[in-house]
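S.K.: Okay, so here is model.txt, and as you'll see once you scroll down, it has compact mmCIF, C-alpha atoms.
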```txt
# COMPACT_ATOMS: atom_id res chain seq x y z
CA MET A 125 -68.61 91.56 14.12
CA THR A 126 -72.20 90.67 13.28
CA VAL A 127 -74.55 93.18 11.67
CA ARG A 128 -78.28 92.39 11.56
CA ILE A 129 -80.63 94.44 9.40
CA ASP A 130 -84.37 93.90 9.78
CA GLY A 131 -85.89 95.01 6.50
CA PRO A 132 -84.83 95.67 2.91
CA VAL A 133 -81.55 97.35 2.01
CA GLY A 134 -80.61 99.58 -0.90
CA TYR A 135 -77.68 99.69 -3.28
CA TYR A 136 -74.29 98.11 -2.45
CA ALA A 137 -75.23 96.76 0.99
CA ALA A 138 -72.32 94.90 2.61
CA GLY A 139 -70.03 96.06 -0.19
CA MET A 140 -66.34 95.43 0.45
CA ASN A 141 -67.24 93.33 3.50
CA GLN A 142 -64.23 91.88 5.25
CA ALA A 143 -64.68 89.32 8.04
CA ALA A 144 -68.12 90.50 9.24
CA VAL A 145 -71.31 88.47 9.28
CA VAL A 146 -74.11 90.54 7.72
CA GLU A 147 -77.64 89.20 8.08
CA ILE A 148 -80.38 90.94 6.09
CA THR A 149 -84.01 90.00 6.76
CA GLY A 150 -85.56 91.29 3.55
CA HIS A 151 -84.58 92.07 -0.02
CA ALA A 152 -81.41 93.78 -1.31
CA GLY A 153 -80.82 96.34 -4.05
CA VAL A 154 -78.20 96.51 -6.78
CA GLY A 155 -74.62 95.44 -6.00
CA LEU A 156 -75.17 93.43 -2.81
CA ALA A 157 -71.78 92.33 -1.37
CA GLU A 158 -69.94 93.91 -4.28
CA ASN A 159 -66.18 93.40 -3.95
CA MET A 160 -66.61 91.39 -0.73
CA MET A 161 -63.28 90.11 0.57
CA SER A 162 -64.35 87.62 3.28
CA GLY A 163 -67.05 86.93 5.83
CA LEU A 164 -70.69 85.99 5.33
CA VAL A 165 -73.58 87.96 3.85
CA HIS A 166 -77.00 86.29 4.14
CA VAL A 167 -80.17 87.75 2.60
CA THR A 168 -83.48 86.06 3.42
CA GLY A 169 -85.23 87.66 0.43
CA SER A 170 -84.17 88.30 -3.15
CA ALA A 171 -81.35 90.44 -4.54
CA SER A 172 -81.30 92.86 -7.45
CA GLN A 173 -78.66 93.00 -10.19
CA SER A 174 -74.94 92.32 -9.79
CA ALA A 175 -75.04 90.54 -6.42
CA GLY A 176 -71.52 89.48 -5.47
CA ALA A 177 -69.92 91.38 -8.34
CA THR A 178 -66.09 91.30 -8.28
CA ALA A 179 -66.12 89.61 -4.85
CA HIS A 180 -62.82 88.02 -3.84
CA GLY A 181 -63.86 85.75 -0.98
CA GLY A 182 -66.37 84.84 1.66
CA LEU A 183 -69.85 83.39 1.30
CA LEU A 184 -72.90 85.20 -0.08
CA VAL A 185 -76.23 83.45 0.55
CA ILE A 186 -79.42 84.66 -1.12
CA ASP A 187 -82.46 82.64 -0.06
CA GLY A 188 -84.66 84.00 -2.86
CA ASP A 189 -83.86 84.94 -6.46
CA ALA A 190 -80.99 87.02 -7.81
CA ALA A 191 -81.49 89.27 -10.83
CA ALA A 192 -79.19 89.70 -13.83
CA ARG A 193 -75.39 89.47 -13.58
CA CYS A 194 -75.19 87.65 -10.26
CA GLY A 195 -71.52 86.85 -9.63
CA ILE A 196 -70.24 88.98 -12.51
CA SER A 197 -66.42 88.92 -12.52
CA MET A 198 -66.26 86.91 -9.29
CA LYS A 199 -62.72 86.41 -8.09
CA GLY A 200 -63.01 83.74 -5.41
CA VAL A 201 -66.33 84.26 -3.62
CA SER A 202 -68.83 81.47 -3.07
CA ILE A 203 -72.43 82.43 -3.86
CA VAL A 204 -75.44 80.24 -3.08
CA VAL A 205 -78.80 81.32 -4.53
CA GLY A 206 -81.88 79.48 -3.28
CA GLY A 207 -83.98 80.48 -6.28
CA ASN A 208 -83.31 81.60 -9.85
CA VAL A 209 -80.65 83.89 -11.32
CA GLY A 210 -81.08 86.28 -14.23
CA HIS A 211 -79.24 86.60 -17.50
CA MET A 212 -75.45 86.96 -17.76
CA SER A 213 -74.78 85.53 -14.31
CA ALA A 214 -71.15 84.55 -13.70
CA PHE A 215 -70.08 86.66 -16.71
CA MET A 216 -66.26 86.64 -16.76
CA ALA A 217 -66.18 84.70 -13.47
CA GLN A 218 -62.52 84.12 -12.72
CA ALA A 219 -62.58 82.00 -9.55
CA GLY A 220 -65.03 80.80 -6.92
CA CYS A 221 -68.39 79.05 -7.06
CA LEU A 222 -71.91 80.03 -8.02
CA VAL A 223 -74.55 77.57 -6.78
CA ILE A 224 -78.03 78.02 -8.26
CA CYS A 225 -80.80 75.98 -6.63
CA GLY A 226 -83.36 77.17 -9.20
CA ASP A 227 -83.07 78.08 -12.88
CA ALA A 228 -80.49 80.23 -14.70
CA GLY A 229 -81.20 82.80 -17.41
CA ASP A 230 -79.50 83.13 -20.78
CA GLY A 231 -75.79 83.86 -21.06
CA LEU A 232 -74.79 81.88 -17.95
CA GLY A 233 -71.01 81.79 -17.56
CA ASP A 234 -70.27 83.91 -20.61
CA SER A 235 -66.48 84.24 -21.02
CA ILE A 236 -65.90 82.28 -17.80
CA TYR A 237 -62.39 81.45 -16.61
CA GLU A 238 -61.91 78.94 -13.77
CA ALA A 239 -65.00 79.43 -11.60
CA HIS A 240 -67.41 76.55 -10.99
CA ILE A 241 -71.14 76.90 -11.59
CA TYR A 242 -73.64 74.39 -10.20
CA VAL A 243 -77.28 74.47 -11.32
CA LYS A 244 -80.13 72.35 -10.02
CA GLY A 245 -82.82 73.67 -12.37
CA ARG A 246 -82.90 74.57 -16.03
CA THR A 247 -80.46 76.82 -17.87
CA GLY A 248 -81.17 79.17 -20.72
CA GLN A 249 -78.69 79.44 -23.55
CA LEU A 250 -75.18 79.18 -22.13
CA GLY A 251 -72.76 82.04 -22.63
CA ALA A 252 -69.69 81.98 -24.86
CA ASP A 253 -67.19 79.29 -23.83
CA CYS A 254 -69.42 77.91 -21.03
CA VAL A 255 -70.11 74.16 -21.22
CA GLU A 256 -71.58 71.45 -19.04
CA LYS A 257 -68.87 69.41 -17.33
CA PRO A 258 -68.83 66.15 -15.36
CA LEU A 259 -69.81 66.30 -11.70
CA ARG A 260 -66.90 64.41 -10.10
CA PRO A 261 -66.47 63.40 -6.44
CA GLU A 262 -64.43 66.52 -5.61
CA HIS A 263 -67.25 68.69 -6.94
CA ILE A 264 -69.84 66.78 -4.91
CA SER A 265 -67.67 67.41 -1.84
CA GLN A 266 -67.35 71.12 -2.63
CA LEU A 267 -71.08 71.42 -3.30
CA THR A 268 -71.94 69.54 -0.09
CA GLU A 269 -69.86 72.01 1.94
CA LEU A 270 -71.46 75.04 0.28
CA LEU A 271 -75.03 73.78 0.61
CA THR A 272 -74.42 72.93 4.27
CA ALA A 273 -72.83 76.32 4.99
CA ALA A 274 -75.81 78.04 3.33
CA GLY A 275 -78.34 75.92 5.24
CA ARG A 276 -79.82 74.50 2.04
CA PRO A 277 -81.71 71.14 1.94
CA GLU A 278 -80.77 70.22 -1.65
CA HIS A 279 -78.64 67.17 -2.43
CA PRO A 280 -75.44 67.69 -4.50
CA GLU A 281 -76.29 64.86 -6.90
CA GLU A 282 -79.29 66.91 -8.12
CA PHE A 283 -77.00 69.54 -9.68
CA ARG A 284 -75.13 69.87 -12.96
CA ARG A 285 -71.72 71.55 -13.21
CA TYR A 286 -70.70 74.17 -15.76
CA GLY A 287 -67.36 75.75 -16.51
CA SER A 288 -64.99 77.00 -19.17
CA ALA A 289 -64.38 75.11 -22.41
CA ARG A 290 -61.07 77.04 -22.46
CA GLN A 291 -61.52 78.12 -26.07
CA LEU A 292 -61.31 81.87 -25.43
CA TYR A 293 -58.01 81.86 -23.54
CA ASN A 294 -55.88 82.60 -26.60
CA PHE A 295 -57.06 84.73 -29.47
CA HIS A 296 -55.50 84.04 -32.87
CA VAL A 297 -56.40 86.54 -35.57
CA ASP A 298 -56.06 83.83 -38.24
CA HIS A 299 -58.99 82.03 -36.59
CA ALA A 300 -61.15 85.10 -35.84
CA PHE A 301 -64.19 83.65 -37.61
CA SER A 302 -64.06 80.56 -35.38
CA TYR A 303 -64.89 82.55 -32.23
```
As a first step, turn the structure in this file into structure tokens.
M.R.:
Amino acid sequence: MTVRIDGPVGYYAAGMNQAAVVEITGHAGVGLAENMMSGLVHVTGSASQSAGATAHGGLLVIDGDAAARCGISMKGVSIVVGGNVGHMSAFMAQAGCLVICGDAGDGLGDSIYEAHIYVKGRTGQLGADCVEKPLRPEHISQLTELLTAAGRPEHPEEFRRYGSARQLYNFHVDHAFSY
């Protein structure tokens, strides 16, 4: 099924989407594609807070900017943002990819697990346990596929990759002051 919406949408548009293609010509409110399972959601404008929150699969494309907490607790979704993302994006991201063609606010990837973050622009202060990692051939391949699927003109080699330093996986009370 394909759903086309001409104009802006409010809160939780395309939430829990499964298999449908949802095309939104305009901006989106809080919680766009929240808990999406599969399919494609494409917004030609910008999205408010928590776009793609807890999403398990599919592809979310935002041509403009995404506000704070984009991709919070993502569980397998791929998100491509053509512009900037706000603070605390990819907070506790467990799996999937967040591609940011612009800049990222402070707290990017805070408490991240195994998700991949790709950023073309600048990043603010990284979140706890988030570090820059090498961009290897398999990441260039993954990024090429996502940029192509999202219809983006950027080249994968222009991006940097971020992920978990894996220091928060196991808490030891004897080392509490190290965290």
S.K.: For Cys221 in chain A, find every residue with an atom within 12 Å (counting only C-alpha atoms), except residues of its own chain fewer than 2 positions away, and show them as number ranges by chain.
M.R.: A: 176, 179-185, 194-205, 213-214, 217-219, 223-224, 233, 236-243, 263, 266-267, 269-271, 285-287
S.K.: Only C-alpha atoms, please: the residues just picked out, written as a short mmCIF file (atom, residue, chain, number, x, y, z; two decimals), in the coordinates of the input.
M.R.:
```
data_model
loop_
_atom_site.label_atom_id
_atom_site.label_comp_id
_atom_site.auth_asym_id
_atom_site.auth_seq_id
_atom_site.Cartn_x
_atom_site.Cartn_y
_atom_site.Cartn_z
CA GLY A 176 -71.52 89.48 -5.47
CA ALA A 179 -66.12 89.61 -4.85
CA HIS A 180 -62.82 88.02 -3.84
CA GLY A 181 -63.86 85.75 -0.98
CA GLY A 182 -66.37 84.84 1.66
CA LEU A 183 -69.85 83.39 1.30
CA LEU A 184 -72.90 85.20 -0.08
CA VAL A 185 -76.23 83.45 0.55
CA CYS A 194 -75.19 87.65 -10.26
CA GLY A 195 -71.52 86.85 -9.63
CA ILE A 196 -70.24 88.98 -12.51
CA SER A 197 -66.42 88.92 -12.52
CA MET A 198 -66.26 86.91 -9.29
CA LYS A 199 -62.72 86.41 -8.09
CA GLY A 200 -63.01 83.74 -5.41
CA VAL A 201 -66.33 84.26 -3.62
CA SER A 202 -68.83 81.47 -3.07
CA ILE A 203 -72.43 82.43 -3.86
CA VAL A 204 -75.44 80.24 -3.08
CA VAL A 205 -78.80 81.32 -4.53
CA SER A 213 -74.78 85.53 -14.31
CA ALA A 214 -71.15 84.55 -13.70
CA ALA A 217 -66.18 84.70 -13.47
CA GLN A 218 -62.52 84.12 -12.72
CA ALA A 219 -62.58 82.00 -9.55
CA VAL A 223 -74.55 77.57 -6.78
CA ILE A 224 -78.03 78.02 -8.26
CA GLY A 233 -71.01 81.79 -17.56
CA ILE A 236 -65.90 82.28 -17.80
CA TYR A 237 -62.39 81.45 -16.61
CA GLU A 238 -61.91 78.94 -13.77
CA ALA A 239 -65.00 79.43 -11.60
CA HIS A 240 -67.41 76.55 -10.99
CA ILE A 241 -71.14 76.90 -11.59
CA TYR A 242 -73.64 74.39 -10.20
CA VAL A 243 -77.28 74.47 -11.32
CA HIS A 263 -67.25 68.69 -6.94
CA GLN A 266 -67.35 71.12 -2.63
CA LEU A 267 -71.08 71.42 -3.30
CA GLU A 269 -69.86 72.01 1.94
CA LEU A 270 -71.46 75.04 0.28
CA LEU A 271 -75.03 73.78 0.61
CA ARG A 285 -71.72 71.55 -13.21
CA TYR A 286 -70.70 74.17 -15.76
CA GLY A 287 -67.36 75.75 -16.51
#
```
S.K.: Between CA of Ala252 in chain A and CA of Gly229 in chain A, what is the distance, to one decimal in Å?
M.R.: 13.7 Å
S.K.: Which value, in Å to one decimal, gives the distance between CA of Ala228 in chain A and CA of Asn141 in chain A?
M.R.: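 Distance between the two atoms: 26.0 Å.
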S.K.: Between CA of Ile148 in chain A and CA of His166 in chain A, what distance in Å does the model show, to one decimal?
M.R.: 6.1 Å
S.K.: Any idea what's packed within 8 Å of Arg284 in chain A, counting all atoms listed in the file, ignoring anything in its chain fewer than 3 positions away? Could you give it as a list in words?
M.R.: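 What passes the distance filter is Tyr242, Val243, Lys244, Glu256, Lys257, Pro258, Leu259 and Glu281 of chain A.
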S.K.: Tell me which of A:Gly155, A:Gly231, A:Pro280, A:Gly206 sits closest to Met140 in chain A, counting all atoms listed in the file.
M.R.: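 Under the stated criterion, the closest residue is A:Gly155.
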S.K.: Go through A:Arg128, A:Arg246, A:His279, A:His151 one by one, measure the shortest atom-to-atom distance of each to Ala190 in chain A using all atoms listed in the file, and give the residue with the smallest value.
M.R.: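 Looking only at the distances to Ala190 in chain A, the closest residue turns out to be A:His151.
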S.K.: Around the point (-80.9, 88.5, 0.3) (coordinates from the file), which residues reach within 6 Å if we count all atoms listed in the file? Answer as a list in words.
M.R.: His151, Ala152, His166, Val167, Thr168, Gly169, Ser170, Ala171 and Ile186 of chain A
S.K.: Hey, which of A:Val145, A:Val165, A:Val154, A:Met212 ends up closest to Ser235 in chain A? Count all atoms listed in the file.
M.R.: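 The closest residue to Ser235 in chain A is A:Met212.
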